[in-house]
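Q: So here's run-v8.cif, just mmCIF, C-alpha atoms:
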data_protein
loop_
_atom_site.group_PDB
_atom_site.id
_atom_site.type_symbol
_atom_site.label_atom_id
_atom_site.label_comp_id
_atom_site.auth_asym_id
_atom_site.auth_seq_id
_atom_site.Cartn_x
_atom_site.Cartn_y
_atom_site.Cartn_z
ATOM 1 C CA MET A 674 97.254 118.995 90.052
ATOM 2 C CA ASP A 675 97.471 119.581 86.306
ATOM 3 C CA LEU A 676 98.554 117.055 83.709
ATOM 4 C CA ALA A 677 102.127 118.291 83.336
ATOM 5 C CA ILE A 678 102.822 118.201 87.078
ATOM 6 C CA LEU A 679 101.297 114.730 87.415
ATOM 7 C CA LYS A 680 103.502 113.461 84.582
ATOM 8 C CA GLU A 681 106.520 114.954 86.288
ATOM 9 C CA LYS A 682 105.630 113.266 89.579
ATOM 10 C CA MET A 683 105.127 109.905 87.880
ATOM 11 C CA ASP A 684 108.447 110.276 86.086
ATOM 12 C CA GLN A 685 110.106 110.878 89.453
ATOM 13 C CA ALA A 686 108.541 107.634 90.706
ATOM 14 C CA HIS A 687 109.931 105.795 87.617
ATOM 15 C CA TYR A 688 106.395 104.790 86.652
ATOM 16 C CA ILE A 689 105.963 104.037 82.933
ATOM 17 C CA TYR A 690 102.630 105.391 81.696
ATOM 18 C CA ASP A 691 100.842 106.307 78.488
ATOM 19 C CA ASP A 692 98.800 109.436 77.753
ATOM 20 C CA THR A 693 95.448 107.703 78.312
ATOM 21 C CA LEU A 694 96.382 106.471 81.785
ATOM 22 C CA VAL A 695 97.773 109.763 83.048
ATOM 23 C CA THR A 696 94.841 111.727 81.564
ATOM 24 C CA VAL A 697 92.272 109.502 83.282
ATOM 25 C CA LEU A 698 94.149 109.855 86.576
ATOM 26 C CA ALA A 699 94.358 113.650 86.304
ATOM 27 C CA VAL A 700 90.676 114.098 85.417
ATOM 28 C CA ALA A 701 89.431 111.643 88.069
ATOM 29 C CA LEU A 702 91.523 113.478 90.650
ATOM 30 C CA LYS A 703 90.251 116.901 89.551
ATOM 31 C CA LEU A 704 86.599 115.790 89.587
ATOM 32 C CA GLY A 705 86.944 113.859 92.835
ATOM 33 C CA ARG A 706 85.706 110.672 91.177
ATOM 34 C CA PRO A 707 86.665 107.179 92.352
ATOM 35 C CA LEU A 708 88.700 105.267 89.774
ATOM 36 C CA LEU A 709 87.939 101.643 88.903
ATOM 37 C CA VAL A 710 90.933 99.859 87.346
ATOM 38 C CA GLU A 711 90.314 96.454 85.755
ATOM 39 C CA GLY A 712 92.715 93.998 84.184
ATOM 40 C CA ALA A 713 94.429 90.659 84.620
ATOM 41 C CA ALA A 714 96.358 89.941 87.790
ATOM 42 C CA GLY A 715 99.852 91.387 87.647
ATOM 43 C CA VAL A 716 99.378 94.205 85.112
ATOM 44 C CA GLY A 717 100.140 96.907 87.697
ATOM 45 C CA LYS A 718 96.710 98.005 88.959
ATOM 46 C CA THR A 719 97.687 98.249 92.627
ATOM 47 C CA GLU A 720 100.840 100.137 91.686
ATOM 48 C CA ILE A 721 98.688 103.006 90.394
ATOM 49 C CA ALA A 722 97.416 103.731 93.909
ATOM 50 C CA LYS A 723 100.930 103.555 95.348
ATOM 51 C CA VAL A 724 102.302 105.919 92.709
ATOM 52 C CA MET A 725 99.412 108.364 93.193
ATOM 53 C CA ALA A 726 100.010 108.384 96.953
ATOM 54 C CA ALA A 727 103.646 109.269 96.316
ATOM 55 C CA ALA A 728 102.798 111.839 93.636
ATOM 56 C CA LEU A 729 100.227 113.581 95.866
ATOM 57 C CA ASP A 730 102.346 113.191 99.000
ATOM 58 C CA ARG A 731 99.472 111.416 100.748
ATOM 59 C CA ASP A 732 99.232 108.393 102.999
ATOM 60 C CA LEU A 733 97.992 105.200 101.362
ATOM 61 C CA VAL A 734 95.122 103.452 103.148
ATOM 62 C CA ARG A 735 94.552 99.956 101.777
ATOM 63 C CA LEU A 736 91.555 97.668 102.092
ATOM 64 C CA GLN A 737 92.287 94.166 100.765
ATOM 65 C CA CYS A 738 89.017 92.545 99.742
ATOM 66 C CA TYR A 739 88.165 88.883 100.171
ATOM 67 C CA GLU A 740 85.118 86.645 100.314
ATOM 68 C CA GLY A 741 83.161 87.270 103.499
ATOM 69 C CA LEU A 742 84.550 90.786 104.092
ATOM 70 C CA ASP A 743 82.070 92.756 106.185
ATOM 71 C CA GLU A 744 81.635 96.164 107.817
ATOM 72 C CA SER A 745 83.467 95.181 110.991
ATOM 73 C CA LYS A 746 86.663 94.579 109.017
ATOM 74 C CA ALA A 747 86.246 97.328 106.417
ATOM 75 C CA LEU A 748 84.486 100.209 108.185
ATOM 76 C CA TYR A 749 84.413 100.090 111.981
ATOM 77 C CA GLU A 750 84.149 97.879 115.006
ATOM 78 C CA TRP A 751 83.255 98.568 118.612
ATOM 79 C CA ASN A 752 85.923 98.031 121.237
ATOM 80 C CA TYR A 753 83.952 95.395 123.154
ATOM 81 C CA GLN A 754 86.601 94.819 125.835
ATOM 82 C CA LYS A 755 86.725 98.499 126.667
ATOM 83 C CA GLN A 756 82.915 98.648 126.700
ATOM 84 C CA LEU A 757 82.725 95.714 129.150
ATOM 85 C CA LEU A 758 85.241 97.363 131.455
ATOM 86 C CA SER A 759 83.239 100.572 131.360
ATOM 87 C CA ILE A 760 80.055 98.693 132.220
ATOM 88 C CA GLN A 761 81.743 97.084 135.222
ATOM 89 C CA VAL A 762 83.036 100.443 136.437
ATOM 90 C CA HIS A 763 79.723 102.279 136.049
ATOM 91 C CA GLU A 764 77.147 99.573 136.839
ATOM 92 C CA SER A 765 76.849 100.744 140.459
ATOM 93 C CA ARG A 766 75.730 104.229 139.409
ATOM 94 C CA GLY A 767 72.412 103.014 138.059
ATOM 95 C CA ASP A 768 72.110 105.449 135.132
ATOM 96 C CA GLU A 769 71.649 102.866 132.385
ATOM 97 C CA ASP A 770 70.551 105.300 129.654
ATOM 98 C CA ALA A 771 73.605 107.516 130.080
ATOM 99 C CA LEU A 772 75.879 104.473 130.205
ATOM 100 C CA THR A 773 74.373 102.994 127.019
ATOM 101 C CA LYS A 774 74.746 106.308 125.190
ATOM 102 C CA SER A 775 78.366 106.700 126.263
ATOM 103 C CA LEU A 776 79.264 103.162 125.210
ATOM 104 C CA PHE A 777 78.503 103.977 121.575
ATOM 105 C CA SER A 778 80.661 107.044 121.177
ATOM 106 C CA ASP A 779 83.946 107.813 119.462
ATOM 107 C CA GLU A 780 85.828 106.716 122.543
ATOM 108 C CA TYR A 781 84.906 103.089 121.862
ATOM 109 C CA LEU A 782 84.999 103.180 118.054
ATOM 110 C CA LEU A 783 87.776 101.280 116.273
ATOM 111 C CA GLU A 784 88.419 102.699 112.813
ATOM 112 C CA ARG A 785 88.909 100.316 109.912
ATOM 113 C CA PRO A 786 90.289 101.416 106.499
ATOM 114 C CA LEU A 787 87.119 103.008 105.056
ATOM 115 C CA LEU A 788 86.324 105.046 108.152
ATOM 116 C CA GLN A 789 89.993 105.886 108.629
ATOM 117 C CA ALA A 790 90.169 107.258 105.079
ATOM 118 C CA ILE A 791 87.237 109.672 105.361
ATOM 119 C CA ARG A 792 88.082 110.826 108.911
ATOM 120 C CA ALA A 793 91.744 111.531 108.167
ATOM 121 C CA GLU A 794 92.940 115.045 108.967
ATOM 122 C CA LYS A 795 94.678 115.219 105.588
ATOM 123 C CA PRO A 796 93.373 113.652 102.337
ATOM 124 C CA VAL A 797 94.650 110.135 101.656
ATOM 125 C CA VAL A 798 94.665 107.716 98.749
ATOM 126 C CA LEU A 799 92.206 104.914 99.510
ATOM 127 C CA LEU A 800 92.950 101.630 97.723
ATOM 128 C CA ILE A 801 90.091 99.123 97.672
ATOM 129 C CA ASP A 802 92.028 96.205 96.242
ATOM 130 C CA GLU A 803 90.388 93.330 94.333
ATOM 131 C CA ILE A 804 86.805 94.412 94.921
ATOM 132 C CA ASP A 805 85.688 91.491 92.736
ATOM 133 C CA LYS A 806 86.734 89.092 95.517
ATOM 134 C CA ALA A 807 84.245 90.615 97.965
ATOM 135 C CA ASP A 808 80.585 89.624 98.062
ATOM 136 C CA GLU A 809 77.930 91.565 96.147
ATOM 137 C CA GLU A 810 76.446 92.683 99.485
ATOM 138 C CA PHE A 811 79.688 94.406 100.394
ATOM 139 C CA GLU A 812 79.876 96.011 96.971
ATOM 140 C CA ALA A 813 76.384 97.440 97.521
ATOM 141 C CA PHE A 814 77.445 98.721 100.931
ATOM 142 C CA LEU A 815 80.236 100.729 99.259
ATOM 143 C CA LEU A 816 77.849 102.745 97.100
ATOM 144 C CA GLU A 817 77.041 105.307 99.801
ATOM 145 C CA LEU A 818 80.728 105.973 100.358
ATOM 146 C CA LEU A 819 81.557 106.259 96.661
ATOM 147 C CA SER A 820 78.669 108.554 95.751
ATOM 148 C CA GLU A 821 78.176 110.690 98.883
ATOM 149 C CA MET A 822 81.539 110.364 100.650
ATOM 150 C CA GLN A 823 79.730 109.473 103.832
ATOM 151 C CA ILE A 824 78.961 106.340 105.808
ATOM 152 C CA SER A 825 76.169 105.397 108.200
ATOM 153 C CA ILE A 826 76.722 103.811 111.600
ATOM 154 C CA PRO A 827 73.429 102.748 113.248
ATOM 155 C CA GLU A 828 74.464 103.706 116.774
ATOM 156 C CA ILE A 829 75.877 107.112 115.760
ATOM 157 C CA GLY A 830 74.229 108.165 112.512
ATOM 158 C CA THR A 831 75.725 109.529 109.306
ATOM 159 C CA ILE A 832 79.393 110.467 109.278
ATOM 160 C CA GLN A 833 80.405 112.908 106.546
ATOM 161 C CA ALA A 834 83.912 112.793 105.145
ATOM 162 C CA ARG A 835 86.273 115.154 106.942
ATOM 163 C CA THR A 836 88.565 115.065 103.885
ATOM 164 C CA ILE A 837 87.931 113.585 100.443
ATOM 165 C CA PRO A 838 90.201 110.641 99.606
ATOM 166 C CA PHE A 839 91.281 109.756 96.099
ATOM 167 C CA VAL A 840 89.711 106.303 95.776
ATOM 168 C CA VAL A 841 91.203 103.576 93.569
ATOM 169 C CA LEU A 842 89.314 100.292 93.197
ATOM 170 C CA THR A 843 90.957 97.354 91.431
ATOM 171 C CA SER A 844 89.353 94.283 89.924
ATOM 172 C CA ASN A 845 90.764 91.137 88.306
ATOM 173 C CA ARG A 846 87.302 90.505 86.798
ATOM 174 C CA ALA A 847 86.769 87.350 88.846
ATOM 175 C CA ARG A 848 83.067 88.241 88.794
ATOM 176 C CA PRO A 849 81.031 90.990 87.101
ATOM 177 C CA LEU A 850 80.689 94.212 89.078
ATOM 178 C CA SER A 851 77.360 95.979 89.367
ATOM 179 C CA GLU A 852 76.338 98.776 87.034
ATOM 180 C CA ALA A 853 75.635 100.932 90.101
ATOM 181 C CA LEU A 854 79.280 100.731 91.184
ATOM 182 C CA ARG A 855 80.574 101.315 87.661
ATOM 183 C CA ARG A 856 78.425 104.443 87.234
ATOM 184 C CA ARG A 857 80.055 106.013 90.273
ATOM 185 C CA CYS A 858 83.597 105.551 88.992
ATOM 186 C CA ALA A 859 85.907 106.683 86.260
ATOM 187 C CA TYR A 860 87.142 103.588 84.436
ATOM 188 C CA LEU A 861 90.511 102.334 83.250
ATOM 189 C CA TYR A 862 91.336 98.967 81.707
ATOM 190 C CA MET A 863 94.951 97.793 81.862
ATOM 191 C CA GLU A 864 96.611 95.129 79.754
ATOM 192 C CA TYR A 865 100.000 93.493 80.060
ATOM 193 C CA PRO A 866 102.679 95.800 78.639
ATOM 194 C CA ASP A 867 103.918 95.282 75.113
ATOM 195 C CA LEU A 868 107.594 94.558 74.481
ATOM 196 C CA GLU A 869 108.645 98.200 74.278
ATOM 197 C CA LYS A 870 106.862 99.170 77.486
ATOM 198 C CA GLU A 871 108.134 96.093 79.354
ATOM 199 C CA LEU A 872 111.671 96.971 78.377
ATOM 200 C CA SER A 873 111.121 100.569 79.519
ATOM 201 C CA ILE A 874 109.874 99.300 82.888
ATOM 202 C CA LEU A 875 112.932 97.077 83.288
ATOM 203 C CA ARG A 876 115.283 99.949 82.525
ATOM 204 C CA ALA A 877 113.421 102.345 84.834
ATOM 205 C CA LYS A 878 113.229 99.978 87.806
ATOM 206 C CA LEU A 879 116.605 98.255 87.291
ATOM 207 C CA PRO A 880 118.793 100.986 85.783
ATOM 208 C CA HIS A 881 122.028 99.006 86.175
ATOM 209 C CA ILE A 882 120.859 95.919 84.282
ATOM 210 C CA ASP A 883 122.729 95.019 81.117
ATOM 211 C CA ASP A 884 120.765 96.193 78.049
ATOM 212 C CA ARG A 885 121.206 92.885 76.241
ATOM 213 C CA LEU A 886 119.943 90.896 79.234
ATOM 214 C CA ALA A 887 117.009 93.267 79.760
ATOM 215 C CA ALA A 888 115.951 92.838 76.137
ATOM 216 C CA GLN A 889 116.221 89.041 76.364
ATOM 217 C CA VAL A 890 114.156 88.953 79.570
ATOM 218 C CA ALA A 891 111.477 91.185 78.043
ATOM 219 C CA VAL A 892 111.244 88.991 74.947
ATOM 220 C CA ALA A 893 111.121 85.802 77.037
ATOM 221 C CA VAL A 894 108.337 87.146 79.253
ATOM 222 C CA GLN A 895 106.311 88.243 76.224
ATOM 223 C CA LYS A 896 106.706 84.716 74.840
ATOM 224 C CA LEU A 897 105.595 83.143 78.127
ATOM 225 C CA ARG A 898 102.481 85.336 78.297
ATOM 226 C CA SER A 899 101.508 84.523 74.727
ATOM 227 C CA ASN A 900 101.855 80.779 75.377
ATOM 228 C CA GLU A 901 98.326 79.490 76.011
ATOM 229 C CA ALA A 902 99.725 76.482 77.881
ATOM 230 C CA ILE A 903 101.103 78.739 80.635
ATOM 231 C CA LEU A 904 98.509 78.752 83.426
ATOM 232 C CA LYS A 905 99.746 81.756 85.439
ATOM 233 C CA LYS A 906 100.958 84.528 83.193
ATOM 234 C CA PRO A 907 104.021 86.346 84.585
ATOM 235 C CA SER A 908 103.225 89.695 86.184
ATOM 236 C CA ILE A 909 105.282 92.849 85.788
ATOM 237 C CA ALA A 910 106.601 92.311 89.319
ATOM 238 C CA GLU A 911 107.744 88.809 88.361
ATOM 239 C CA THR A 912 109.517 90.183 85.288
ATOM 240 C CA LEU A 913 111.456 92.515 87.568
ATOM 241 C CA ASP A 914 112.167 89.707 90.066
ATOM 242 C CA TRP A 915 113.486 87.483 87.301
ATOM 243 C CA ALA A 916 115.741 90.160 85.844
ATOM 244 C CA ALA A 917 117.029 91.053 89.320
ATOM 245 C CA ALA A 918 117.787 87.385 90.066
ATOM 246 C CA LEU A 919 119.711 86.971 86.813
ATOM 247 C CA GLU A 920 121.634 90.172 87.483
ATOM 248 C CA ALA A 921 122.456 89.009 91.028
ATOM 249 C CA LEU A 922 123.947 85.818 89.586
ATOM 250 C CA GLY A 923 126.109 87.808 87.191
ATOM 251 C CA VAL A 924 124.269 86.429 84.163
ATOM 252 C CA ARG A 925 124.862 88.488 81.015
ATOM 253 C CA GLU A 926 122.890 86.342 78.592
ATOM 254 C CA LEU A 927 119.616 84.465 79.049
ATOM 255 C CA THR A 928 120.687 80.956 78.051
ATOM 256 C CA PRO A 929 118.407 77.918 78.454
ATOM 257 C CA ASP A 930 120.511 76.876 81.455
ATOM 258 C CA ALA A 931 120.087 80.291 83.098
ATOM 259 C CA MET A 932 116.341 80.113 82.454
ATOM 260 C CA ARG A 933 116.084 76.712 84.150
ATOM 261 C CA LYS A 934 118.025 77.821 87.217
ATOM 262 C CA THR A 935 115.999 81.000 87.772
ATOM 263 C CA ALA A 936 112.576 79.972 86.475
ATOM 264 C CA GLY A 937 111.075 80.055 89.983
ATOM 265 C CA PHE A 938 111.317 83.851 89.944
ATOM 266 C CA VAL A 939 109.014 84.221 86.931
ATOM 267 C CA LEU A 940 106.757 81.133 87.029
ATOM 268 C CA LYS A 941 104.982 80.138 90.208
ATOM 269 C CA ASN A 942 103.502 76.672 89.754
ATOM 270 C CA SER A 943 104.879 73.233 88.933
ATOM 271 C CA GLU A 944 103.004 72.788 85.644
ATOM 272 C CA ASP A 945 104.406 75.999 84.170
ATOM 273 C CA LEU A 946 107.907 75.187 85.423
ATOM 274 C CA ALA A 947 107.724 71.746 83.793
ATOM 275 C CA LEU A 948 106.657 73.332 80.504
ATOM 276 C CA LEU A 949 109.544 75.805 80.620
ATOM 277 C CA GLU A 950 111.972 72.973 81.447
ATOM 278 C CA ALA A 951 110.775 71.021 78.409
ATOM 279 C CA GLU A 952 111.118 74.047 76.120
ATOM 280 C CA ALA A 953 114.582 74.854 77.468
ATOM 281 C CA GLU A 954 115.641 71.259 76.834
ATOM 282 C CA THR A 955 114.365 71.499 73.262
ATOM 283 C CA ASP A 956 116.304 74.730 72.761
ATOM 284 C CA CYS A 957 119.471 73.059 74.081
ATOM 285 C CA GLN A 958 119.039 70.171 71.646
ATOM 286 C CA LYS A 959 118.602 72.609 68.760
ATOM 287 C CA CYS A 960 121.735 74.476 69.818
ATOM 288 C CA GLY A 961 123.661 71.213 69.956
ATOM 289 C CA ALA A 962 122.420 70.171 66.552
ATOM 290 C CA HIS A 963 123.731 73.433 65.061
ATOM 291 C CA GLY A 964 127.066 73.199 66.849
ATOM 292 C CA HIS A 965 126.393 76.026 69.304
ATOM 293 C CA GLY A 966 126.043 73.982 72.461
#
Output the file's structure in the form of structure tokens.

A:
Amino acid sequence: MDLAILKEKMDQAHYIYDDTLVTVLAVALKLGRPLLVEGAAGVGKTEIAKVMAAALDRDLVRLQCYEGLDESKALYEWNYQKQLLSIQVHESRGDEDALTKSLFSDEYLLERPLLQAIRAEKPVVLLIDEIDKADEEFEAFLLELLSEMQISIPEIGTIQARTIPFVVLTSNRARPLSEALRRRCAYLYMEYPDLEKELSILRAKLPHIDDRLAAQVAVAVQKLRSNEAILKKPSIAETLDWAAALEALGVRELTPDAMRKTAGFVLKNSEDLALLEAEAETDCQKCGAHGHG
């Protein structure tokens, strides 16, 4: 897929991009390189994989990483219940070697996301989400898949990829990732959108929103993100949720009162809500002092 077609597909998905992002995506796709996307939580890293799946007309296979993730949850697992039943059925035949060999075959193999992605009949988009939450041992385990597009199962041997997935790894930078993993990937760093881009996202995703309200929401979110006292910076998804909530209430202007009533759509902990409440109260007092209450 060339650059122009990819841009067209992303436009159809109402995804707001810049030239650097779409160029990295196009080249990584053409070279068959995994893509590592880093950035703060909520900047839209996961959305890249979803948009690419739609643009390429592929299924999205997602592996959500977490501490303690191992091969049995990410790659494969044996169907132990089915194996036990088979043992009970065949134990009277006495051919233990044949039984043991048959127990570790495809018939008893349960595919997890990584194995599912490389054994798919048609290429998929494989999202390995928040790789920084997984242990370093699991990260090392991924290297064979990322570099050779194959995996090793002790009981079976090496399984080569039937089709080559487009792999997207995301990281919130909770811990440093290894140089070995980084070398195997194309790299993209994402930041929170600036005011112009945030407004473009609002208009693309919520086309019926009032322009004045959209602009006020975008400005307010930019202010919240720049406030060092805010513990959890609002994500792009929370910007959209907030704007949608205000629109659903028929709000045409983001007044301090409207902010207070809908703050739970953009801020997600009590400390940040209390800070917004205090600022809204201050704004109300200023309005009253100037006769605009």

Q: Using all atoms listed in the file, which of A:Lys680, A:Arg846, A:Arg792, A:Arg857 sits nearest A:Ala834?

A: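 Between A:Lys680, A:Arg846, A:Arg792, A:Arg857, the residue approaching A:Ala834 most closely is A:Arg792.
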
Q: Hey, can you pull every residue with an atom no more than 12 Å from (118.4, 93.7, 73.2), using all atoms listed in the file, and send it as a list in words?

A: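 The answer, in the requested form, is Leu868, Glu869, Leu872, Ser873, Leu875, Arg876, Ile882, Asp883, Asp884, Arg885, Leu886, Ala887, Ala888, Gln889, Val890, Ala891, Val892, Ala893, Arg925, Glu926 and Leu927 of chain A.
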
Q: Skipping near chain neighbours, those fewer than 4 positions away, what residues fall within 8 Å of A:Tyr865 using all atoms listed in the file, listed as a PyMOL selection string?

A: chain A and resi 713+715-716+908-909

Q: Which one of A:Cys738, A:Ile801, A:Val697, A:Ala790 sits closest to A:Gln833 if you count all atoms listed in the file?

A: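 Smallest separation from A:Gln833 among the options: A:Ala790.
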
Q: So, counting only C-alpha atoms, which residue among A:Leu919, A:Ala728, A:Met674, A:Ile791 is closest to A:Gln823?

A: A:Ile791

Q: Residues near A:Ala793, anyone? I mean within 8 Å using only C-alpha atoms, not counting same-chain ones fewer than 3 positions away, as a PDB file with C-alpha atoms, in the coordinates of the input.

A:
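That gives us out-v2.pdb:
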ATOM      1  CA  GLN A 789      89.993 105.886 108.629  1.00  0.00           C
ATOM      2  CA  ALA A 790      90.169 107.258 105.079  1.00  0.00           C
ATOM      3  CA  PRO A 796      93.373 113.652 102.337  1.00  0.00           C
ATOM      4  CA  VAL A 797      94.650 110.135 101.656  1.00  0.00           C
ATOM      5  CA  ARG A 835      86.273 115.154 106.942  1.00  0.00           C
ATOM      6  CA  THR A 836      88.565 115.065 103.885  1.00  0.00           C
TER       7      THR A 836
END

Q: Since the input lacks atoms, please generate all heavy atoms for stretch 875-884 of chain A and provide them as a tab-separated table (two decimals), in the frame of the given file.

A:
chain	number	residue	atom	x	y	z
A	875	LEU	N	111.71	97.71	82.80
A	875	LEU	CA	112.93	97.08	83.29
A	875	LEU	C	114.06	98.10	83.45
A	875	LEU	O	114.77	98.12	84.46
A	875	LEU	CB	113.37	95.98	82.32
A	875	LEU	CG	112.68	94.62	82.46
A	875	LEU	CD1	112.95	93.75	81.25
A	875	LEU	CD2	113.14	93.92	83.73
A	876	ARG	N	114.20	98.96	82.47
A	876	ARG	CA	115.28	99.95	82.52
A	876	ARG	C	115.03	101.00	83.59
A	876	ARG	O	115.97	101.50	84.22
A	876	ARG	CB	115.44	100.60	81.16
A	876	ARG	CG	116.08	99.67	80.12
A	876	ARG	CD	116.01	100.24	78.74
A	876	ARG	NE	116.74	99.39	77.77
A	876	ARG	CZ	116.53	99.42	76.47
A	876	ARG	NH1	115.62	100.24	75.96
A	876	ARG	NH2	117.22	98.63	75.66
A	877	ALA	N	113.74	101.34	83.82
A	877	ALA	CA	113.42	102.34	84.83
A	877	ALA	C	113.61	101.80	86.25
A	877	ALA	O	114.12	102.48	87.14
A	877	ALA	CB	111.99	102.84	84.64
A	878	LYS	N	113.17	100.56	86.46
A	878	LYS	CA	113.23	99.98	87.81
A	878	LYS	C	114.58	99.34	88.13
A	878	LYS	O	114.96	99.25	89.30
A	878	LYS	CB	112.13	98.91	87.95
A	878	LYS	CG	110.71	99.45	87.79
A	878	LYS	CD	110.34	100.41	88.90
A	878	LYS	CE	108.89	100.83	88.81
A	878	LYS	NZ	108.51	101.79	89.88
A	879	LEU	N	115.28	98.88	87.09
A	879	LEU	CA	116.60	98.26	87.29
A	879	LEU	C	117.61	98.96	86.37
A	879	LEU	O	118.05	98.40	85.36
A	879	LEU	CB	116.54	96.76	86.97
A	879	LEU	CG	115.57	95.91	87.81
A	879	LEU	CD1	115.46	94.50	87.25
A	879	LEU	CD2	116.01	95.87	89.26
A	880	PRO	N	117.97	100.18	86.70
A	880	PRO	CA	118.79	100.99	85.78
A	880	PRO	C	120.18	100.41	85.50
A	880	PRO	O	120.80	100.78	84.49
A	880	PRO	CB	118.89	102.34	86.50
A	880	PRO	CG	118.61	102.04	87.94
A	880	PRO	CD	117.63	100.91	87.94
A	881	HIS	N	120.68	99.53	86.36
A	881	HIS	CA	122.03	99.01	86.18
A	881	HIS	C	122.06	97.69	85.39
A	881	HIS	O	123.15	97.16	85.14
A	881	HIS	CB	122.70	98.78	87.54
A	881	HIS	CG	122.78	100.03	88.37
A	881	HIS	ND1	123.49	101.14	87.97
A	881	HIS	CD2	122.22	100.34	89.57
A	881	HIS	CE1	123.37	102.09	88.89
A	881	HIS	NE2	122.61	101.64	89.86
A	882	ILE	N	120.88	97.20	84.99
A	882	ILE	CA	120.86	95.92	84.28
A	882	ILE	C	121.46	96.07	82.88
A	882	ILE	O	121.32	97.10	82.22
A	882	ILE	CB	119.42	95.37	84.21
A	882	ILE	CG1	119.42	93.91	83.74
A	882	ILE	CG2	118.56	96.21	83.27
A	882	ILE	CD1	118.07	93.23	83.85
A	883	ASP	N	122.14	95.04	82.46
A	883	ASP	CA	122.73	95.02	81.12
A	883	ASP	C	121.63	95.11	80.06
A	883	ASP	O	120.60	94.41	80.15
A	883	ASP	CB	123.52	93.72	80.94
A	883	ASP	CG	124.17	93.62	79.57
A	883	ASP	OD1	125.22	94.24	79.37
A	883	ASP	OD2	123.60	92.93	78.70
A	884	ASP	N	121.80	95.97	79.06
A	884	ASP	CA	120.76	96.19	78.05
A	884	ASP	C	120.42	94.92	77.29
A	884	ASP	O	119.25	94.65	77.00
A	884	ASP	CB	121.22	97.27	77.06
A	884	ASP	CG	121.07	98.68	77.62
A	884	ASP	OD1	120.37	98.84	78.63
A	884	ASP	OD2	121.66	99.61	77.03
